$ cat data-v7.csv   # CSV, C-alpha atoms
chain,number,residue,atom,x,y,z
A,1,MET,CA,19.8,9.1,17.8
A,2,PRO,CA,22.0,6.6,16.1
A,3,ASP,CA,25.7,7.0,16.1
A,4,SER,CA,25.7,7.5,12.3
A,5,GLU,CA,23.9,10.9,12.8
A,6,SER,CA,26.4,13.7,12.6
A,7,PRO,CA,26.2,16.8,14.9
A,8,GLU,CA,25.8,19.0,11.8
A,9,ILE,CA,22.5,17.2,10.9
A,10,VAL,CA,21.2,17.5,14.4
A,11,GLU,CA,22.1,21.2,14.5
A,12,ARG,CA,20.4,21.7,11.2
A,13,LEU,CA,17.2,20.1,12.4
A,14,VAL,CA,17.2,22.0,15.6
A,15,GLY,CA,17.7,25.2,13.7
A,16,PHE,CA,14.6,24.4,11.6
A,17,GLY,CA,12.6,24.2,14.9
A,18,HIS,CA,14.0,27.6,15.9
A,19,ALA,CA,13.0,29.0,12.5
A,20,LEU,CA,9.5,27.8,12.9
A,21,ARG,CA,9.3,29.4,16.4
A,22,ASP,CA,10.5,32.7,15.0
A,23,GLU,CA,7.5,32.6,12.6
A,24,GLY,CA,5.2,32.3,15.6
A,25,LEU,CA,4.5,28.6,15.6
A,26,PRO,CA,4.3,27.0,19.1
A,27,VAL,CA,7.3,24.6,18.7
A,28,GLY,CA,8.6,23.4,22.0
A,29,ALA,CA,11.8,21.5,23.0
A,30,ASP,CA,10.0,18.2,23.2
A,31,ASP,CA,8.6,18.7,19.7
A,32,VAL,CA,12.1,19.3,18.3
A,33,VAL,CA,13.4,16.1,20.1
A,34,MET,CA,10.6,14.1,18.6
A,35,PHE,CA,11.3,15.6,15.2
A,36,CYS,CA,15.0,14.6,15.4
A,37,SER,CA,14.1,11.1,16.5
A,38,ALA,CA,11.6,10.7,13.6
A,39,VAL,CA,14.2,11.8,11.1
A,40,ALA,CA,16.8,9.4,12.6
A,41,GLU,CA,14.4,6.5,12.0
A,42,LEU,CA,14.1,7.4,8.3
A,43,THR,CA,16.7,9.0,5.9
A,44,PRO,CA,18.1,12.3,7.1
A,45,SER,CA,19.4,13.0,3.6
A,46,ASP,CA,16.0,12.6,2.0
A,47,LEU,CA,14.2,16.0,2.1
A,48,GLU,CA,10.8,14.2,1.7
A,49,ASP,CA,11.4,12.3,4.9
A,50,VAL,CA,12.4,15.4,6.7
A,51,TYR,CA,9.4,17.3,5.4
A,52,TRP,CA,6.8,14.7,6.5
A,53,SER,CA,8.7,14.0,9.8
A,54,GLY,CA,8.5,17.7,10.7
A,55,ARG,CA,4.9,18.1,9.5
A,56,THR,CA,3.9,15.2,11.7
A,57,THR,CA,5.7,16.2,14.9
A,58,LEU,CA,6.0,20.1,14.7
A,59,VAL,CA,2.6,21.0,13.3
A,60,HIS,CA,-0.4,20.7,15.7
A,61,ARG,CA,-3.1,22.8,13.9
A,62,ARG,CA,-4.3,23.0,10.4
A,63,ASP,CA,-3.8,26.7,10.1
A,64,HIS,CA,-0.1,26.2,10.9
A,65,LEU,CA,0.5,24.2,7.7
A,66,PRO,CA,1.0,27.2,5.3
A,67,PRO,CA,3.7,28.9,7.5
A,68,TYR,CA,5.3,25.5,8.0
A,69,ASP,CA,5.5,25.0,4.2
A,70,GLU,CA,7.0,28.4,3.6
A,71,VAL,CA,9.6,28.1,6.4
A,72,PHE,CA,10.6,24.6,5.0
A,73,ARG,CA,11.1,26.0,1.5
A,74,ARG,CA,13.1,28.9,2.8
A,75,TYR,CA,15.2,27.0,5.3
A,76,PHE,CA,16.0,23.8,3.4
A,77,LEU,CA,15.7,24.8,-0.2
A,78,GLY,CA,16.5,28.5,-0.1
A,79,GLN,CA,13.3,29.3,-2.1
A,80,ALA,CA,11.7,32.7,-1.5
A,81,PRO,CA,8.0,33.2,-2.3
A,82,PRO,CA,7.4,34.7,-5.7
A,83,PRO,CA,6.9,38.5,-5.9
A,84,GLY,CA,3.3,39.5,-5.2
A,85,ALA,CA,2.3,36.1,-3.8
A,86,GLU,CA,0.2,36.0,-0.7
A,87,PRO,CA,2.1,35.1,2.5
A,88,PHE,CA,2.1,31.5,3.4
A,89,ALA,CA,0.6,30.5,0.0
A,90,ALA,CA,0.5,26.7,-0.5
A,91,GLU,CA,2.0,24.9,-3.4
A,92,PRO,CA,-0.3,22.9,-5.7
A,93,ILE,CA,-0.1,19.1,-5.9
A,94,SER,CA,1.5,17.9,-9.1
A,95,GLN,CA,-0.4,15.0,-10.7
A,96,GLY,CA,2.3,14.0,-13.1
A,97,LEU,CA,5.0,11.4,-12.9
A,98,SER,CA,7.9,13.0,-11.0
A,99,SER,CA,10.5,12.4,-8.4
A,100,THR,CA,9.9,15.8,-6.8
A,101,LEU,CA,8.7,16.8,-3.4
A,102,ASN,CA,5.4,18.6,-3.8
A,103,VAL,CA,4.1,20.3,-0.7
A,104,PRO,CA,0.4,19.6,-0.6
A,105,ASP,CA,-2.3,22.2,-0.2
A,106,SER,CA,-2.9,23.2,3.4
A,107,GLU,CA,-6.5,24.0,2.8
A,108,PRO,CA,-8.7,22.9,-0.1
A,109,GLY,CA,-9.5,25.7,-2.4
A,110,SER,CA,-6.7,27.9,-1.4
A,111,GLU,CA,-5.0,30.2,-3.8
A,112,VAL,CA,-2.1,28.9,-5.8
A,113,GLY,CA,1.3,30.3,-5.0
A,114,ASP,CA,4.6,29.4,-6.6
A,115,ASP,CA,4.0,26.5,-9.0
A,116,ARG,CA,7.7,25.5,-9.1
A,117,PRO,CA,8.3,22.0,-7.7
A,118,MET,CA,10.9,21.3,-5.1
A,119,VAL,CA,13.5,19.4,-7.2
A,120,LEU,CA,15.4,16.9,-5.1
A,121,GLY,CA,18.0,15.8,-7.6
A,122,ARG,CA,15.9,13.9,-10.1
A,123,GLN,CA,13.7,15.4,-12.8
A,124,ALA,CA,10.3,14.3,-13.9
A,125,SER,CA,10.0,11.5,-16.5
A,126,GLY,CA,9.1,12.7,-20.0
A,127,VAL,CA,7.8,9.2,-21.0
A,128,GLU,CA,4.2,9.3,-22.3
A,129,ILE,CA,2.3,6.5,-20.5
A,130,ARG,CA,-0.8,4.8,-21.8
A,131,ARG,CA,-2.5,2.9,-19.0
A,132,ASP,CA,-4.3,0.5,-21.4
A,133,LYS,CA,-1.1,-0.6,-23.1
A,134,ARG,CA,-0.2,-4.2,-22.4
A,135,PHE,CA,3.0,-4.9,-20.5
A,136,ALA,CA,4.3,-7.1,-23.2
A,137,GLU,CA,4.2,-4.2,-25.7
A,138,CYS,CA,5.9,-1.6,-23.5
A,139,THR,CA,9.4,-0.5,-23.9
A,140,PRO,CA,11.9,-0.7,-21.0
A,141,ALA,CA,11.5,3.0,-20.3
A,142,GLU,CA,7.7,2.7,-20.3
A,143,LEU,CA,7.9,-0.3,-18.0
A,144,ALA,CA,10.1,1.7,-15.6
A,145,ALA,CA,7.6,4.5,-15.6
A,146,LEU,CA,4.7,2.1,-15.0
A,147,ARG,CA,6.5,0.6,-12.0
A,148,ARG,CA,6.8,4.1,-10.5
A,149,ILE,CA,3.0,4.4,-11.0
A,150,MET,CA,2.4,1.1,-9.3
A,151,ALA,CA,4.5,2.2,-6.4
A,152,GLN,CA,1.9,4.9,-5.8
A,153,ILE,CA,-1.2,2.6,-5.9
A,154,ARG,CA,-3.1,2.7,-2.7
A,155,LEU,CA,-5.7,0.0,-2.0
A,156,GLU,CA,-8.2,-0.8,0.7
A,157,PRO,CA,-7.9,-4.4,1.7
A,158,PRO,CA,-11.1,-6.5,2.1
A,159,ARG,CA,-12.5,-6.5,5.6
A,160,ARG,CA,-14.3,-9.1,7.7
A,161,ARG,CA,-16.6,-8.9,10.7
A,162,THR,CA,-15.3,-10.0,14.1
A,163,ARG,CA,-17.1,-11.2,17.2
A,164,ARG,CA,-16.4,-7.9,19.0
A,165,ARG,CA,-18.9,-5.1,19.1
A,166,ARG,CA,-18.3,-1.4,18.6
A,167,THR,CA,-20.4,1.7,19.2
A,168,ASP,CA,-22.4,2.5,16.1
A,169,PRO,CA,-25.4,5.0,16.1
A,170,SER,CA,-27.0,3.1,13.2
A,171,GLY,CA,-26.3,-0.4,14.7
A,172,ALA,CA,-29.0,-3.0,14.9
A,173,ARG,CA,-28.2,-4.1,18.5
A,174,LEU,CA,-28.8,-2.1,21.6
A,175,ASP,CA,-25.9,-1.5,24.1
A,176,ILE,CA,-27.8,-2.7,27.2
A,177,ARG,CA,-24.8,-2.4,29.5
A,178,ARG,CA,-24.0,1.2,28.6
A,179,MET,CA,-27.7,2.2,28.9
A,180,ALA,CA,-27.9,0.5,32.3
A,181,ARG,CA,-24.8,2.4,33.5
A,182,ASP,CA,-26.4,5.7,32.2
A,183,ALA,CA,-29.7,4.9,34.0
A,184,MET,CA,-27.9,4.4,37.3
A,185,ARG,CA,-25.9,7.6,36.9
A,186,LEU,CA,-28.7,9.8,35.7
A,187,SER,CA,-31.2,8.5,38.3
A,188,HIS,CA,-34.6,9.9,37.3
A,189,ALA,CA,-33.6,11.0,33.7
A,190,ALA,CA,-34.3,8.6,30.9
A,191,PRO,CA,-31.0,7.3,29.3
A,192,ALA,CA,-30.3,7.7,25.6
A,193,LEU,CA,-30.4,4.8,23.2
A,194,HIS,CA,-26.9,3.4,22.4
A,195,ARG,CA,-26.4,0.9,19.6
A,196,LEU,CA,-23.7,-1.6,18.7
A,197,SER,CA,-22.6,-3.2,15.5
A,198,ARG,CA,-20.0,-5.9,14.6
A,199,ALA,CA,-16.4,-4.6,14.5
A,200,GLU,CA,-14.4,-5.1,11.3
A,201,ARG,CA,-10.7,-5.8,10.7
A,202,PRO,CA,-8.7,-6.2,7.5
A,203,ARG,CA,-8.9,-9.7,5.9
A,204,PRO,CA,-5.6,-11.4,5.3
A,205,LEU,CA,-4.3,-11.3,1.7
A,206,VAL,CA,-2.1,-14.0,0.2
A,207,LEU,CA,-0.5,-13.4,-3.2
A,208,ILE,CA,0.9,-16.3,-5.2
A,209,LEU,CA,2.8,-15.1,-8.3
A,210,ASP,CA,3.8,-17.1,-11.3
A,211,VAL,CA,7.4,-16.2,-12.3
A,212,SER,CA,7.9,-18.9,-15.0
A,213,GLY,CA,9.1,-18.3,-18.5
A,214,SER,CA,5.6,-17.9,-20.0
A,215,MET,CA,5.0,-15.0,-17.5
A,216,ALA,CA,8.2,-13.2,-18.2
A,217,ASP,CA,6.4,-10.1,-19.7
A,218,HIS,CA,4.2,-9.7,-16.6
A,219,SER,CA,5.9,-11.3,-13.5
A,220,ARG,CA,8.2,-8.4,-12.7
A,221,ASN,CA,5.3,-5.9,-12.9
A,222,LEU,CA,3.1,-8.1,-10.8
A,223,LEU,CA,5.9,-8.3,-8.3
A,224,GLN,CA,6.0,-4.6,-8.1
A,225,PHE,CA,2.2,-4.6,-7.6
A,226,ALA,CA,2.6,-7.1,-4.8
A,227,TYR,CA,5.2,-4.8,-3.2
A,228,SER,CA,2.7,-1.9,-3.3
A,229,MET,CA,-0.1,-4.1,-1.8
A,230,HIS,CA,2.3,-5.3,0.9
A,231,ARG,CA,3.2,-1.7,1.8
A,232,ALA,CA,-0.5,-0.6,1.8
A,233,ALA,CA,-2.0,-3.4,3.9
A,234,GLN,CA,-0.9,-5.0,7.1
A,235,LYS,CA,-1.6,-8.8,6.6
A,236,VAL,CA,-0.2,-9.5,3.2
A,237,GLU,CA,1.9,-12.6,2.4
A,238,VAL,CA,3.6,-12.9,-1.0
A,239,PHE,CA,4.9,-16.1,-2.6
A,240,CYS,CA,6.5,-16.8,-6.0
A,241,PHE,CA,6.6,-20.1,-7.9
A,242,GLY,CA,7.9,-21.6,-11.1
A,243,THR,CA,8.8,-25.2,-10.4
A,244,ARG,CA,9.0,-24.6,-6.7
A,245,LEU,CA,7.4,-22.3,-4.1
A,246,THR,CA,9.3,-19.5,-2.4
A,247,ARG,CA,8.1,-17.1,0.3
A,248,ILE,CA,9.4,-13.6,-0.4
A,249,THR,CA,7.4,-11.6,2.2
A,250,PRO,CA,10.5,-10.7,4.4
A,251,ALA,CA,12.3,-9.4,1.3
A,252,LEU,CA,9.5,-6.9,0.6
A,253,ASP,CA,9.9,-5.3,4.1
A,254,ARG,CA,12.1,-2.6,2.6
A,255,ARG,CA,11.3,1.0,2.3
A,256,ASN,CA,13.2,1.3,-1.0
A,257,PRO,CA,11.3,-0.6,-3.8
A,258,ASP,CA,14.4,-1.2,-5.9
A,259,ASP,CA,16.1,-2.9,-2.9
A,260,ALA,CA,13.0,-4.9,-2.2
A,261,MET,CA,12.8,-6.1,-5.8
A,262,LYS,CA,16.4,-7.1,-6.0
A,263,LEU,CA,16.3,-9.0,-2.7
A,264,ALA,CA,13.1,-10.8,-3.7
A,265,ALA,CA,14.5,-11.7,-7.2
A,266,GLY,CA,17.6,-13.1,-5.5
A,267,ARG,CA,15.5,-15.4,-3.3
A,268,VAL,CA,13.6,-16.9,-6.2
A,269,LEU,CA,15.8,-19.6,-7.8
A,270,ASP,CA,13.5,-20.7,-10.6
A,271,TRP,CA,12.9,-17.4,-12.3
A,272,ASP,CA,11.8,-17.7,-16.0
A,273,GLY,CA,11.8,-21.5,-15.8
A,274,GLY,CA,9.1,-24.1,-16.0
A,275,THR,CA,5.7,-24.1,-14.4
A,276,GLN,CA,4.3,-26.5,-11.7
A,277,ILE,CA,1.2,-24.8,-10.5
A,278,GLY,CA,-0.4,-27.8,-8.8
A,279,ALA,CA,2.8,-28.8,-7.0
A,280,SER,CA,3.4,-25.3,-5.9
A,281,LEU,CA,-0.1,-24.8,-4.5
A,282,ASP,CA,0.2,-28.2,-2.7
A,283,ALA,CA,3.5,-27.0,-1.1
A,284,PHE,CA,1.7,-23.8,0.1
A,285,ILE,CA,-1.2,-25.8,1.6
A,286,ARG,CA,1.0,-28.3,3.4
A,287,ARG,CA,3.6,-25.8,4.8
A,288,TRP,CA,1.6,-22.6,5.3
A,289,GLY,CA,-2.1,-23.0,4.5
A,290,ARG,CA,-3.0,-25.7,7.0
A,291,LYS,CA,-1.1,-23.9,9.7
A,292,GLY,CA,-3.5,-21.0,9.5
A,293,LEU,CA,-2.0,-18.6,7.0
A,294,SER,CA,-4.9,-19.1,4.5
A,295,ARG,CA,-7.6,-19.3,7.1
A,296,GLY,CA,-10.2,-16.6,6.3
A,297,ALA,CA,-7.8,-15.1,3.8
A,298,THR,CA,-8.4,-13.8,0.2
A,299,VAL,CA,-5.9,-15.7,-2.0
A,300,VAL,CA,-4.8,-14.0,-5.3
A,301,ILE,CA,-3.1,-16.3,-7.8
A,302,CYS,CA,-1.4,-14.5,-10.6
A,303,SER,CA,-0.7,-17.0,-13.4
A,304,ASP,CA,-1.5,-17.6,-17.1
A,305,GLY,CA,-2.5,-21.1,-16.4
A,306,LEU,CA,0.1,-22.7,-18.7
A,307,ASP,CA,0.9,-25.6,-16.4
A,308,ARG,CA,3.4,-28.4,-17.2
A,309,GLY,CA,2.1,-30.5,-14.3
A,310,ALA,CA,-0.8,-32.9,-14.0
A,311,PRO,CA,-4.2,-31.3,-14.3
A,312,ALA,CA,-5.5,-33.7,-11.6
A,313,ALA,CA,-2.9,-32.4,-9.1
A,314,LEU,CA,-3.9,-28.8,-9.8
A,315,ALA,CA,-7.6,-29.5,-9.4
A,316,ASP,CA,-6.9,-31.4,-6.1
A,317,ALA,CA,-4.8,-28.5,-4.8
A,318,MET,CA,-7.4,-25.9,-5.8
A,319,GLU,CA,-10.2,-27.9,-4.1
A,320,ARG,CA,-8.2,-28.1,-0.8
A,321,LEU,CA,-7.3,-24.5,-1.0
A,322,SER,CA,-10.9,-23.4,-1.5
A,323,ARG,CA,-11.9,-25.2,1.7
A,324,LEU,CA,-9.2,-23.4,3.7
A,325,CYS,CA,-9.5,-19.8,2.5
A,326,HIS,CA,-12.3,-17.3,2.2
A,327,ARG,CA,-12.0,-16.5,-1.5
A,328,ILE,CA,-9.8,-17.4,-4.5
A,329,ILE,CA,-9.1,-14.7,-7.1
A,330,TRP,CA,-7.2,-15.7,-10.2
A,331,MET,CA,-5.4,-12.9,-12.1
A,332,ASN,CA,-4.6,-14.1,-15.6
A,333,PRO,CA,-2.9,-11.6,-18.0
A,334,LEU,CA,-4.2,-13.7,-21.0
A,335,VAL,CA,-7.7,-12.7,-20.1
A,336,GLY,CA,-7.2,-9.1,-21.3
A,337,ASP,CA,-10.3,-7.0,-21.3
A,338,HIS,CA,-12.7,-9.9,-21.4
A,339,ALA,CA,-12.7,-11.4,-17.9
A,340,ASP,CA,-16.0,-13.2,-18.6
A,341,SER,CA,-14.3,-15.5,-21.1
A,342,PRO,CA,-11.4,-17.4,-19.4
A,343,PRO,CA,-8.5,-18.7,-21.6
A,344,SER,CA,-9.0,-22.3,-22.7
A,345,THR,CA,-5.8,-23.6,-21.3
A,346,LEU,CA,-5.6,-27.0,-19.5
A,347,GLY,CA,-4.6,-25.4,-16.2
A,348,MET,CA,-7.4,-22.9,-16.3
A,349,MET,CA,-10.0,-25.6,-17.1
A,350,ALA,CA,-8.8,-27.6,-14.1
A,351,ALA,CA,-8.8,-24.7,-11.7
A,352,GLY,CA,-11.9,-23.0,-13.1
A,353,PRO,CA,-14.5,-24.7,-10.8
A,354,PHE,CA,-12.8,-23.4,-7.7
A,355,ILE,CA,-12.1,-19.8,-8.8
A,356,ASP,CA,-14.4,-17.2,-7.3
A,357,ASP,CA,-13.3,-14.2,-9.4
A,358,LEU,CA,-11.3,-14.0,-12.6
A,359,GLU,CA,-9.3,-10.8,-13.1
A,360,SER,CA,-6.8,-9.5,-15.6
A,361,GLY,CA,-3.4,-8.0,-15.0
A,362,HIS,CA,-2.2,-7.2,-18.5
A,363,ASP,CA,-1.9,-3.4,-18.1
A,364,ILE,CA,-1.7,-0.7,-15.4
A,365,ALA,CA,-5.4,0.2,-15.9
A,366,SER,CA,-6.5,-3.4,-15.0
A,367,LEU,CA,-4.3,-3.4,-11.9
A,368,GLU,CA,-5.6,0.0,-10.7
A,369,SER,CA,-9.2,-1.2,-11.3
A,370,PHE,CA,-8.5,-4.4,-9.3
A,371,ALA,CA,-7.0,-2.4,-6.4
A,372,ALA,CA,-10.1,-0.2,-6.3
A,373,ARG,CA,-12.5,-3.1,-6.3
A,374,LEU,CA,-10.6,-5.4,-4.0
A,375,ALA,CA,-12.4,-4.2,-0.9
A,376,HIS,CA,-15.7,-5.3,-2.4
A,377,ILE,CA,-14.8,-8.5,-4.2
A,378,GLY,CA,-12.4,-9.9,-1.5
$ encode --input "data-v7.csv" --output "structure tokens"
Amino acid sequence: MPDSESPEIVERLVGFGHALRDEGLPVGADDVVMFCSAVAELTPSDLEDVYWSGRTTLVHRRDHLPPYDEVFRRYFLGQAPPPGAEPFAAEPISQGLSSTLNVPDSEPGSEVGDDRPMVLGRQASGVEIRRDKRFAECTPAELAALRRIMAQIRLEPPRRRTRRRRTDPSGARLDIRRMARDAMRLSHAAPALHRLSRAERPRPLVLILDVSGSMADHSRNLLQFAYSMHRAAQKVEVFCFGTRLTRITPALDRRNPDDAMKLAAGRVLDWDGGTQIGASLDAFIRRWGRKGLSRGATVVICSDGLDRGAPAALADAMERLSRLCHRIIWMNPLVGDHADSPPSTLGMMAAGPFIDDLESGHDIASLESFAARLAHIG
């Protein structure tokens, strides 16, 4: 436990373990120690962190979830179950935009108990959100609400096959070694057929974001989207460029999205300035791409294609990048809902022959659609 942890917090967490034990849950001393250690690594003052830390370390069976939820409400929030409610009734999941802790259902299809959310100091946003509204047309309040939605986007990164093999009942290759071991062990009995298939691992993702003046209505929202992708996948590198390229991946290694956004914005010195796409991609290839960062990776370039540099430099950089990486996806907010008709800007015409997929990022619906299809197009 860190020195910043007060004895009162530790005593409170230990008392929660005793309360669970009084309800009949098999909570041992080792479980309580692990629970306190998990909370110490997060934020002890955040009830959501406390809830999930306890649920991970103190609950060992699915049928223990309802009593755990009820004890948590009673111990930390002082909420008693509503009159007439079934004991250990689970609370429904709220689908709206809120900053509340909603304890999920312990079992699908269980009866609904108290529908009051656990308010943790901030109320739900009353801003009405249209997912098909362009970022450039949104008010500041709507943009703030959209960024909270983007923080909840979960994506499945594209995967690639490796040289290793894994057990797969439907695999195309027989596991001869395992079958031989079974034959020697079983002696006279015939061994079962065991099959193998190629193992898979997540494919690296590289995001290169345009933060120039022409992208002012979209760059901050795309940066929030990049933060969500970085939190969801393991191998994600994020760069920003205007007139120069800046790597901001270390700045996004923050649990609080606001802190990550501020730190990333502070590292980018050419925010809302000019655009040098070709020179920025050339800098990425020379400093990072050739050293293996783009090898076998899916590169996502987020830009409107309004380049102030030489088109020949952009075409040359795109050609070299296409030879290094697995796939190039260009996300252009000017595309809108018509991804089959790219904008006729000079930069897009120079980069077009080397783009594998053209996507849009002009609203939250297009970003959610892109996140859902990334595993298949990447």
$ closest_residue --input "data-v7.csv" --among "A:Ala192, A:Leu47, A:Pro250, A:Asp282" --to "A:Ile176" --atoms "only C-alpha atoms"
A:Ala192
$ residues_around --input "data-v7.csv" --residues "A:Val33" --least-positions-apart "6" --cutoff "12 Å" --atoms "all atoms listed in the file" --output "list in words"
Met1, Val10, Glu11, Leu13, Val14, Gly15, Phe16, Gly17, Val27, Val39, Ala40, Ser53, Gly54, Thr57 and Leu58 of chain A
$ residues_around --input "data-v7.csv" --residues "A:His18" --least-positions-apart "4" --cutoff "12 Å" --atoms "all atoms listed in the file" --output "list in words"
Glu11, Arg12, Leu13, Val14, Asp22, Glu23, Gly24, Leu25, Pro26, Val27, Gly28, Ala29, Asp31, Val32, Leu58, Tyr68, Val71, Phe72 and Tyr75 of chain A
$ atom_distance --input "data-v7.csv" --atom1 "atom CA of A:Phe239" --atom2 "atom CA of A:Glu368"
20.9 Å
$ closest_residue --input "data-v7.csv" --among "A:Val300, A:Met184, A:Leu223, A:Cys36" --to "A:Asp49" --atoms "only C-alpha atoms"
A:Cys36
$ residues_near_point --input "data-v7.csv" --point "(13.6, -18.1, -18.1)" --cutoff "7 Å" --atoms "all atoms listed in the file" --output "PyMOL selection string"
chain A and resi 212-213+271-273
$ write_last_selection --input "data-v7.csv" --atoms "C-alpha atoms" --output "mmCIF file, in the frame of the given file"
data_model
loop_
_atom_site.group_PDB
_atom_site.id
_atom_site.type_symbol
_atom_site.label_atom_id
_atom_site.label_comp_id
_atom_site.auth_asym_id
_atom_site.auth_seq_id
_atom_site.Cartn_x
_atom_site.Cartn_y
_atom_site.Cartn_z
ATOM 1 C CA SER A 212 7.900 -18.900 -15.000
ATOM 2 C CA GLY A 213 9.100 -18.300 -18.500
ATOM 3 C CA TRP A 271 12.900 -17.400 -12.300
ATOM 4 C CA ASP A 272 11.800 -17.700 -16.000
ATOM 5 C CA GLY A 273 11.800 -21.500 -15.800
#
$ closest_residue --input "data-v7.csv" --among "A:Leu321, A:Leu374, A:Val59, A:Ile328" --to "A:Arg290" --atoms "only C-alpha atoms"
A:Leu321
$ atom_distance --input "data-v7.csv" --atom1 "atom CA of A:Phe225" --atom2 "atom CA of A:Arg373"
14.8 Å
$ closest_residue --input "data-v7.csv" --among "A:Ser45, A:Gly274, A:Leu20, A:Asp307" --to "A:Pro67" --atoms "all atoms listed in the file"
A:Leu20
$ residues_near_point --input "data-v7.csv" --point "(13.5, -14.3, -3.2)" --cutoff "9 Å" --atoms "only C-alpha atoms" --output "list in words"
Phe239, Cys240, Thr246, Arg247, Ile248, Thr249, Pro250, Ala251, Met261, Lys262, Leu263, Ala264, Ala265, Gly266, Arg267, Val268 and Leu269 of chain A
$ residues_around --input "data-v7.csv" --residues "A:Gly171" --least-positions-apart "2" --cutoff "8 Å" --atoms "only C-alpha atoms" --output "NGL selection string"
:A and (167-169 or 173-174 or 195-197)
$ write_last_selection --input "data-v7.csv" --atoms "C-alpha atoms" --output "tab-separated table (two decimals), keeping the file's coordinate frame"
chain	number	residue	atom	x	y	z
A	167	THR	CA	-20.40	1.70	19.20
A	168	ASP	CA	-22.40	2.50	16.10
A	169	PRO	CA	-25.40	5.00	16.10
A	173	ARG	CA	-28.20	-4.10	18.50
A	174	LEU	CA	-28.80	-2.10	21.60
A	195	ARG	CA	-26.40	0.90	19.60
A	196	LEU	CA	-23.70	-1.60	18.70
A	197	SER	CA	-22.60	-3.20	15.50
$ residues_around --input "data-v7.csv" --residues "A:Met349" --least-positions-apart "4" --cutoff "12 Å" --atoms "all atoms listed in the file" --output "ChimeraX atom specification"
/A:304-307,311-312,314-315,318,341-345,353-355
$ write_last_selection --input "data-v7.csv" --atoms "C-alpha atoms" --output "compact mmCIF listing (two decimals), in the coordinates of the input"
# COMPACT_ATOMS: atom_id res chain seq x y z
CA ASP A 304 -1.50 -17.60 -17.10
CA GLY A 305 -2.50 -21.10 -16.40
CA LEU A 306 0.10 -22.70 -18.70
CA ASP A 307 0.90 -25.60 -16.40
CA PRO A 311 -4.20 -31.30 -14.30
CA ALA A 312 -5.50 -33.70 -11.60
CA LEU A 314 -3.90 -28.80 -9.80
CA ALA A 315 -7.60 -29.50 -9.40
CA MET A 318 -7.40 -25.90 -5.80
CA SER A 341 -14.30 -15.50 -21.10
CA PRO A 342 -11.40 -17.40 -19.40
CA PRO A 343 -8.50 -18.70 -21.60
CA SER A 344 -9.00 -22.30 -22.70
CA THR A 345 -5.80 -23.60 -21.30
CA PRO A 353 -14.50 -24.70 -10.80
CA PHE A 354 -12.80 -23.40 -7.70
CA ILE A 355 -12.10 -19.80 -8.80
$ atom_distance --input "data-v7.csv" --atom1 "atom CA of A:Asp253" --atom2 "atom CA of A:Arg295"
22.6 Å
$ axis_aligned_box --input "data-v7.csv" --around "stretch 191-199 of chain A" --padding-each-side "4 Å" --output "AutoDock Vina command-line options"
--center_x -23.7 --center_y 0.9 --center_z 21.9 --size_x 22.6 --size_y 21.6 --size_z 22.8
$ closest_residue --input "data-v7.csv" --among "A:Trp330, A:Arg163, A:Ala365, A:Pro191" --to "A:Gly352" --atoms "all atoms listed in the file"
A:Trp330
$ residues_around --input "data-v7.csv" --residues "stretch 203-205 of chain A" --least-positions-apart "6" --cutoff "9 Å" --atoms "all atoms listed in the file" --output "list in words"
Pro157, Pro158, Arg159, Arg160, His230, Ala233, Gln234, Lys235, Val236, Glu237, Val238, Leu293, Ser294, Arg295, Gly296, Ala297, Thr298, Val299, Val300 and Gly378 of chain A
$ closest_residue --input "data-v7.csv" --among "A:Asp357, A:Glu156, A:Asp363, A:Glu41" --to "A:Ser228" --atoms "only C-alpha atoms"
A:Glu156
